[in-house]
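See structure below.
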Amino acid sequence: MVAASQDTPRPQNTRAIMTFLREHAPFSSMDDTHLAHFAEHASLRFYANDDAVLSPEDGPVRRFYIVKQGRIRGERHNEKDDKTETTFEISQGECFPLAALIGERPTRTLHRAAGDTFCLSIEHDAFVTLFSDSDSFRDFCLRGVSSLLDQVNQRIQSGAMASMGSSNSLDTPLERYALRNPIVCSTDLPVRKAVARMHENNVGSIIVTDDERHPIGIFTLRDLRTMVAEEKGPLDTPIGQVMTRDPICLTSHSDAFEAAMLMAEHHFAHLCVVDENHRLIGVVSERDLFSLQRVDLVNLARTIGTASHLRTLVSLRTDVSRLVDAMLAHGADSGQVVKIITTLNDVTVRRVLELNIKKHDPGIPFTWLTFGSEGRQEQTLLTDQDNGILFETPEGMTEDQVREKLLPFAEQVNKELAECGFTLCKGNIMASNPKLCLSGKEWDDWFIRFIDASTPQNLVYSSIFLDMRAVFGPMEPLDALFDKVLTRIRKNPLFQKMLAGNAITRRPPLTMFRNFRYAPDGKKRNLDLKRQGLAPFVEAVRVFALANGVEEANTLERMDRLATKEVFDPKDANAWKEAYSLIQAIRMRAHQEMLERGEPLSNYINPDDLNPLDRRILRESFRQAQRLQQKLEVTYQL
Amino acid sequence: MNHGRGNMLEHIRQWFERRRVGGAGALDPAHLPTPKSAGPQALSECRLIVLDLETTGLNPSKDQVIAIGAVAISGNVIPLGDQFDLILRRPELDISETVLIHGIGPEALTRGHETEDALLYLLDWMDGDPVLAYHSAFDQKFLEKTFKQVLGYTQRHTWIDVAELLPAFFPEARTGGHSLDHWADRFGLEVSARHHAAADAMVTAELTLVTLNKAHKTGVSTLAELTEKLRYYRRLKNMHRI
């Protein structure tokens with residue numbers, strides 16, 4: 001073998017190959033001795049366009065390949081419609097065929113050269129040596145591209161972590177956070193004794209259980225404060241009379257993220273952890289979840305939800321941005337973070353509405369609707385207002401009379417939301433627009449026209465109005481309305497086809513040769529991550545969701561439901577979810593960086609600024625979007 | 001001798017070990033490999049040497065070889081474990097005789113090697129296989145002169161000019177010129193270090209792989225057929241000239 005001393009000058013061609021390898025993951029994180037081993041045992045092969053590189057007929061795979069130049073495409077024959085389809089593409093610096101090589105089986109996919117292609121390869125023996133000697137190589141081989149995705153996430157986290165200094169992950173199962181042997185008592189214990197027990201154990205809560213250890217109530221220091229301040233009773237009152245009944249419970253398999261979201265939504269600081277039989281096994285407090293953070297989700301949501309002035313709400317917006325940093329640092333993925341932002345935005349919207357009702361109640365019951373990205377719960381820090389009102393017309397009033405009362409109120413709310421950082425909608429898709437402040441009957445008519453007389457202009461609005469959600473007020477009127485809308489769309493294949501046609505007008509930014517295509521309206525060499533990257537997913541998924549009666553508005557949830565309904569192959573659904581989340585993650589990281597530099601937020605990035613790994617992952621994600629659009633084309637014969 | 005895998009420097013050391021045991025410094029050109037002629041060997045199986053020289057100038061009668069870089073092609077594949085990358089040391093700076101006796105490591109061997117030993121090793125490594133080079137006439141003149149001067153070795157290898165091979169198989173290729181760089185650009189190849197003998201040999205070998213792929217598809221499958229194709233191409237070119 002190699003004379004391994006570090007000062008040995010290696011032959012020029014060996015060094016050149018090591019240099020090439022160093023530019024690509026996983027080799028970029030491998031030791032030089034391992035790279036040298038690879039280079040010295042490698043052989044270089046050439047394949048002309050369309051040459052078969054590896055084929056299922058070749059028997060068990062004995063070589064490991066990396067594309068030095070050119071591309072390889074995977075080709076699978078689809079029995080159903082007797083067509084050959086490209087299942088994947090492998091470009092410079094990427095490796096194949098991992099699964100077959102590890103499994104010592106033939107490849108299932110015919111690998112063909114696309115264009116003039118050179119591959120470096122090593123034989124099984126050299127592969128085994130590297131596999132056993134290099135940790136990063138082994139990790140890559142076993143976990144494939146997902147190990148790279150982890151690297152991306154780790155980097156996103158470590159970036160945010162630098163300012164946080166903590167290492168808890170929100171993916172951690174709840175049982176790790178849960179306090180074992182929680183302090184419990186029965187309903188007849190006097191409050192004074194319960195508080196003494198809490199004090200002894202230095203905890204902020206006590207769980208009230210029945211004989212079988214099922215949690216039936218919770219009593220916290222906050223409850224004690226209220227009890228004393230509002231003189232609800234003497235301290236020897238049995239705790240059963242003052243406890244909060246039916247505390248929120250999660251099983252130990254849930255993760256910290258779910259717990260945090262529940263706490264934020266309900267403004268509770270404690271959750272019970274139970275086993276399958278609903279028996280108490282632990283307690284999690286918000287302090288446990290966010291022990292090291294300066295800003296925490298639950299506290300922030302509570303502060304926003306109880307703010308008494310608009311200016312407090314406005315000042316809290318910077319905390320939201322800081323929280324996003326913290327969340328990324330704590331391992332929340334992009335799907336989690338957009339939900340957190342949406343949750344906090346919802347709380348803000350609700351508080352603005354509540355404060356306005358307190359000041360000047362229009363006296364009409366209404367539901368506040370949000371559309372578009374907020375409707376899908378996919379908001380990032382860069383967010384527009386897209387809202388409307390659905391009202392019940394009180395007896396003896398006309399709809400126009402109701403509007404007279406509601407519109408000035410809505411205008412004030414829109415204005416105040418703008419002060420909180422929700423940009424006014426340029427298209428005037430806001431509740432203060434008389435066309436969007438409608439009764440249930442009017443909304444229904446509106447949707448009938450929208451669906452039955454669909455014009456190209458209507459279709460542009462589909463991305464807004466077909467993703468809607470109620471944020472404030474009674475939910476039932478919207479449920480009833482949306483039910484009718486879904487049925488109508490399901491029965492209208494023509495509308496579906498038009499939606500589908502509209503959904504594929506925005507193509508993922510890839511050229512035929514897997515290079516990036518840049519945004520036509522943006523600066524040179526810029527990609528619009530929202531319009532070119534995310535929109536193809538959102539739009540295509542919406543068509544499938546509406547056509548199949550999926551009520552969810554959130555793109556990831558829609559994909560889950562479509563997989564359950566067997567509209568999507570589960571593997572495809574996963575790949576698409578992952579791809580969508582990664583584009584979102586890269587977009588959010590860009591936003592955080594823009595905030596740090598004090599620049600206005602935009603969705604444009606220059607892929608040249610990304611490292612090779614991110615570029616590769618972005619490219620792969622866009623390719624997944626192409627596949628999703630292909631499915632749409634096949635389904636609707638576009 | 002197994003050229004297959006592992007490190008070239010290790011091969012050299014072992015080779016010199018054996019040579020020393022068999023009588024140090026004993027030169028016996030008769031026992032060096034005999035060059036093979038271009039016969040019925042299948043291109044998909046035979047071994048080819050792709051070589052590039054760096055010289056002190058362009059005049060073979062005056063200038064000297066200072067570096068030799070070569071890679072092998074075996075069965076349409078370039079095995080990186082089978083390569084040659086040596087800088088020759090000028091005789092007045094030569095210390096390698098003593099170095100060898102003390103069994104010195106690879107570092108000194110690559111830094112520069114006594115010409116005689118290097119050439120003996122090269123001949124042994126080439127194993128009489130056909131030699132390809134870009135504008136091979138130049139390399140052939142220099143190398144044959146050096147073999148003769150230093151070793152008294154006068155047997156002639158089969159030489160094939162890659163500069164001739166490429167247009168013969170890619171007559172429509174628009175390269176905009178006839179240099180190695182033009183062809184490398186045409187196929188999107190990068191030279192890792194320009195005018196480094198081994199790097200130039202590598203890119204020449206890559207171009208040869210591309211050509212062999214095309215040859216296979218056009219029914220040229222043996223060395224004899226390949227040289228025949230070149231002869232035909234040469235005649236055709238001369239006819240056009242007239």
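Ordering of the structure tokens sets the chain letters (A, B, ...), residue numbers begin anew at 1 in every chain, and ligands are numbered from 1 in the order given.
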Discussion item. Select, as a VMD selection string, those residues of chain A with any atom no more than 7 Å from chain B (distances computed using only C-alpha atoms).
Written reply: chain A and resid 1 to 2 8 to 9 11 to 13 16 39 to 46
Discussion item. Applying 12 Å and only C-alpha atoms, which residues near Ala500 in chain A remain after dropping the ones on its own chain fewer than 5 positions away? List them as JSON, numbers by chain.
Written reply: {"A": [459, 460, 462, 463, 493, 494, 495, 505, 506, 536, 537, 538, 539, 540, 541, 542, 543, 544, 545, 546, 547, 628, 629, 630, 631, 632, 633, 634, 635, 636, 637, 638]}
Put those residues in a file: N, CA, C and O atoms, as a compact mmCIF listing (two decimals), in the first residue's frame.
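Just written: selection-v5.txt:
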```txt
# COMPACT_ATOMS: atom_id res chain seq x y z
N LEU A 459 -58.20 32.19 -12.04
CA LEU A 459 -57.24 31.16 -11.70
C LEU A 459 -56.05 31.73 -10.94
O LEU A 459 -55.48 31.08 -10.08
N VAL A 460 -55.68 32.95 -11.27
CA VAL A 460 -54.58 33.59 -10.55
C VAL A 460 -54.93 33.68 -9.06
O VAL A 460 -54.08 33.53 -8.20
N SER A 462 -56.71 31.59 -7.46
CA SER A 462 -56.95 30.30 -6.82
C SER A 462 -55.93 30.04 -5.70
O SER A 462 -56.27 29.46 -4.68
N SER A 463 -54.71 30.52 -5.90
CA SER A 463 -53.69 30.28 -4.88
C SER A 463 -54.01 31.03 -3.61
O SER A 463 -53.47 30.74 -2.55
N PRO A 493 -64.65 18.45 -13.21
CA PRO A 493 -63.33 18.08 -13.75
C PRO A 493 -62.72 19.17 -14.62
O PRO A 493 -61.50 19.30 -14.69
N LEU A 494 -63.57 19.95 -15.26
CA LEU A 494 -63.05 21.00 -16.13
C LEU A 494 -62.28 22.05 -15.32
O LEU A 494 -61.19 22.47 -15.68
N PHE A 495 -62.88 22.42 -14.17
CA PHE A 495 -62.23 23.38 -13.30
C PHE A 495 -60.90 22.82 -12.79
O PHE A 495 -59.88 23.50 -12.74
N THR A 505 -47.81 26.28 -14.96
CA THR A 505 -47.23 27.39 -15.72
C THR A 505 -45.93 27.87 -15.08
O THR A 505 -45.06 28.38 -15.76
N ARG A 506 -45.82 27.68 -13.78
CA ARG A 506 -44.57 28.07 -13.14
C ARG A 506 -43.67 26.86 -13.01
O ARG A 506 -43.91 25.99 -12.21
N PRO A 536 -44.36 25.82 -7.32
CA PRO A 536 -44.73 24.61 -8.07
C PRO A 536 -45.28 23.50 -7.17
O PRO A 536 -46.22 22.80 -7.54
N PHE A 537 -44.70 23.35 -5.98
CA PHE A 537 -45.21 22.34 -5.04
C PHE A 537 -46.60 22.73 -4.55
O PHE A 537 -47.54 21.95 -4.60
N VAL A 538 -46.70 23.97 -4.02
CA VAL A 538 -47.95 24.42 -3.42
C VAL A 538 -49.10 24.30 -4.41
O VAL A 538 -50.17 23.78 -4.09
N GLU A 539 -48.86 24.75 -5.64
CA GLU A 539 -49.94 24.79 -6.63
C GLU A 539 -50.35 23.39 -7.07
O GLU A 539 -51.54 23.09 -7.16
N ALA A 540 -49.36 22.54 -7.32
CA ALA A 540 -49.70 21.19 -7.78
C ALA A 540 -50.41 20.42 -6.67
O ALA A 540 -51.40 19.73 -6.91
N VAL A 541 -49.92 20.56 -5.45
CA VAL A 541 -50.52 19.83 -4.32
C VAL A 541 -51.95 20.32 -4.09
O VAL A 541 -52.84 19.53 -3.78
N ARG A 542 -52.18 21.63 -4.27
CA ARG A 542 -53.53 22.14 -4.08
C ARG A 542 -54.53 21.47 -5.03
O ARG A 542 -55.62 21.08 -4.62
N VAL A 543 -54.12 21.32 -6.30
CA VAL A 543 -55.03 20.72 -7.27
C VAL A 543 -55.41 19.31 -6.82
O VAL A 543 -56.59 18.96 -6.76
N PHE A 544 -54.39 18.51 -6.46
CA PHE A 544 -54.68 17.15 -6.01
C PHE A 544 -55.55 17.16 -4.76
O PHE A 544 -56.46 16.34 -4.62
N ALA A 545 -55.25 18.07 -3.84
CA ALA A 545 -56.00 18.11 -2.58
C ALA A 545 -57.46 18.44 -2.83
O ALA A 545 -58.37 17.76 -2.34
N LEU A 546 -57.72 19.49 -3.61
CA LEU A 546 -59.10 19.91 -3.85
C LEU A 546 -59.86 18.85 -4.63
O LEU A 546 -61.03 18.59 -4.37
N ALA A 547 -59.16 18.23 -5.58
CA ALA A 547 -59.83 17.23 -6.40
C ALA A 547 -60.17 15.99 -5.59
O ALA A 547 -61.04 15.21 -5.97
N LEU A 628 -43.35 16.15 -9.65
CA LEU A 628 -44.71 16.38 -9.19
C LEU A 628 -45.55 17.00 -10.30
O LEU A 628 -46.71 16.61 -10.52
N GLN A 629 -44.96 17.95 -11.01
CA GLN A 629 -45.69 18.56 -12.13
C GLN A 629 -45.98 17.53 -13.22
O GLN A 629 -47.04 17.56 -13.85
N GLN A 630 -45.02 16.61 -13.42
CA GLN A 630 -45.26 15.56 -14.42
C GLN A 630 -46.47 14.72 -14.04
O GLN A 630 -47.27 14.36 -14.89
N LYS A 631 -46.59 14.46 -12.72
CA LYS A 631 -47.73 13.66 -12.27
C LYS A 631 -49.03 14.40 -12.59
O LYS A 631 -50.02 13.81 -13.01
N LEU A 632 -48.99 15.71 -12.39
CA LEU A 632 -50.16 16.52 -12.70
C LEU A 632 -50.48 16.45 -14.19
O LEU A 632 -51.64 16.32 -14.59
N GLU A 633 -49.44 16.53 -14.99
CA GLU A 633 -49.64 16.48 -16.45
C GLU A 633 -50.24 15.15 -16.88
O GLU A 633 -51.12 15.10 -17.73
N VAL A 634 -49.74 14.07 -16.27
CA VAL A 634 -50.25 12.75 -16.63
C VAL A 634 -51.70 12.61 -16.18
O VAL A 634 -52.57 12.19 -16.93
N THR A 635 -51.98 13.04 -14.93
CA THR A 635 -53.32 12.89 -14.37
C THR A 635 -54.35 13.67 -15.19
O THR A 635 -55.45 13.18 -15.43
N TYR A 636 -54.01 14.87 -15.57
CA TYR A 636 -54.98 15.71 -16.27
C TYR A 636 -54.73 15.79 -17.77
O TYR A 636 -55.29 16.63 -18.47
N GLN A 637 -53.86 14.94 -18.25
CA GLN A 637 -53.54 14.88 -19.68
C GLN A 637 -53.32 16.26 -20.27
O GLN A 637 -53.99 16.68 -21.21
N LEU A 638 -52.38 16.96 -19.66
CA LEU A 638 -52.11 18.34 -20.11
C LEU A 638 -51.12 18.35 -21.28
O LEU A 638 -50.28 17.49 -21.35
```
Discussion item. List the spatial neighbours of range 610-622 of chain A as a PyMOL selection string - criterion: any atom at most 10 Å away, only C-alpha atoms, same-chain residues fewer than 4 positions off excluded.
Written reply: chain A and resi 23-26+28+88-94+145+148-149+151-152+507-510+514-516+529+532-534+536-537+575-583+586+605-606+626-628
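Remark: for Lys141 in chain B, the closest of the candidate residues B:Leu119, B:Leu88, B:Val65, B:Ala42 is B:Val65 (distances computed over only C-alpha atoms).
When the distance limit is 9 Å and only C-alpha atoms are what count, the residues near range 29-33 of chain A, minus those fewer than 5 positions from it on the same chain, are A:Ala4, A:Gln6, A:Met18, A:Arg22, A:His24, A:Phe38, A:Ser134, A:Asp135, A:Ser136, A:Phe137.
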Worksheet item: Could you name the residues that touch Lys237 in chain B at 12 Å or less, counting only C-alpha atoms, but leaving out those on the same chain fewer than 3 positions away, as number ranges by chain?
Response: B: 164, 167-168, 171, 230-234, 240-242
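Across the structure, CA of Gln241 in chain A and CA of Arg192 in chain A are spaced 13.1 Å apart.
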Practice prompt. Please run DSSP on the backbone and report, as an MDAnalysis selection string, all residues within range 413-584 of chain A that come out as alpha helix (DSSP H).
Written response: chainID A and resid 413:419 440:452 456:465 476:490 493:503 535:547 555:564 570:584
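The spacing separating CA of Leu48 in chain B from CA of Pro130 in chain B amounts to 5.4 Å.
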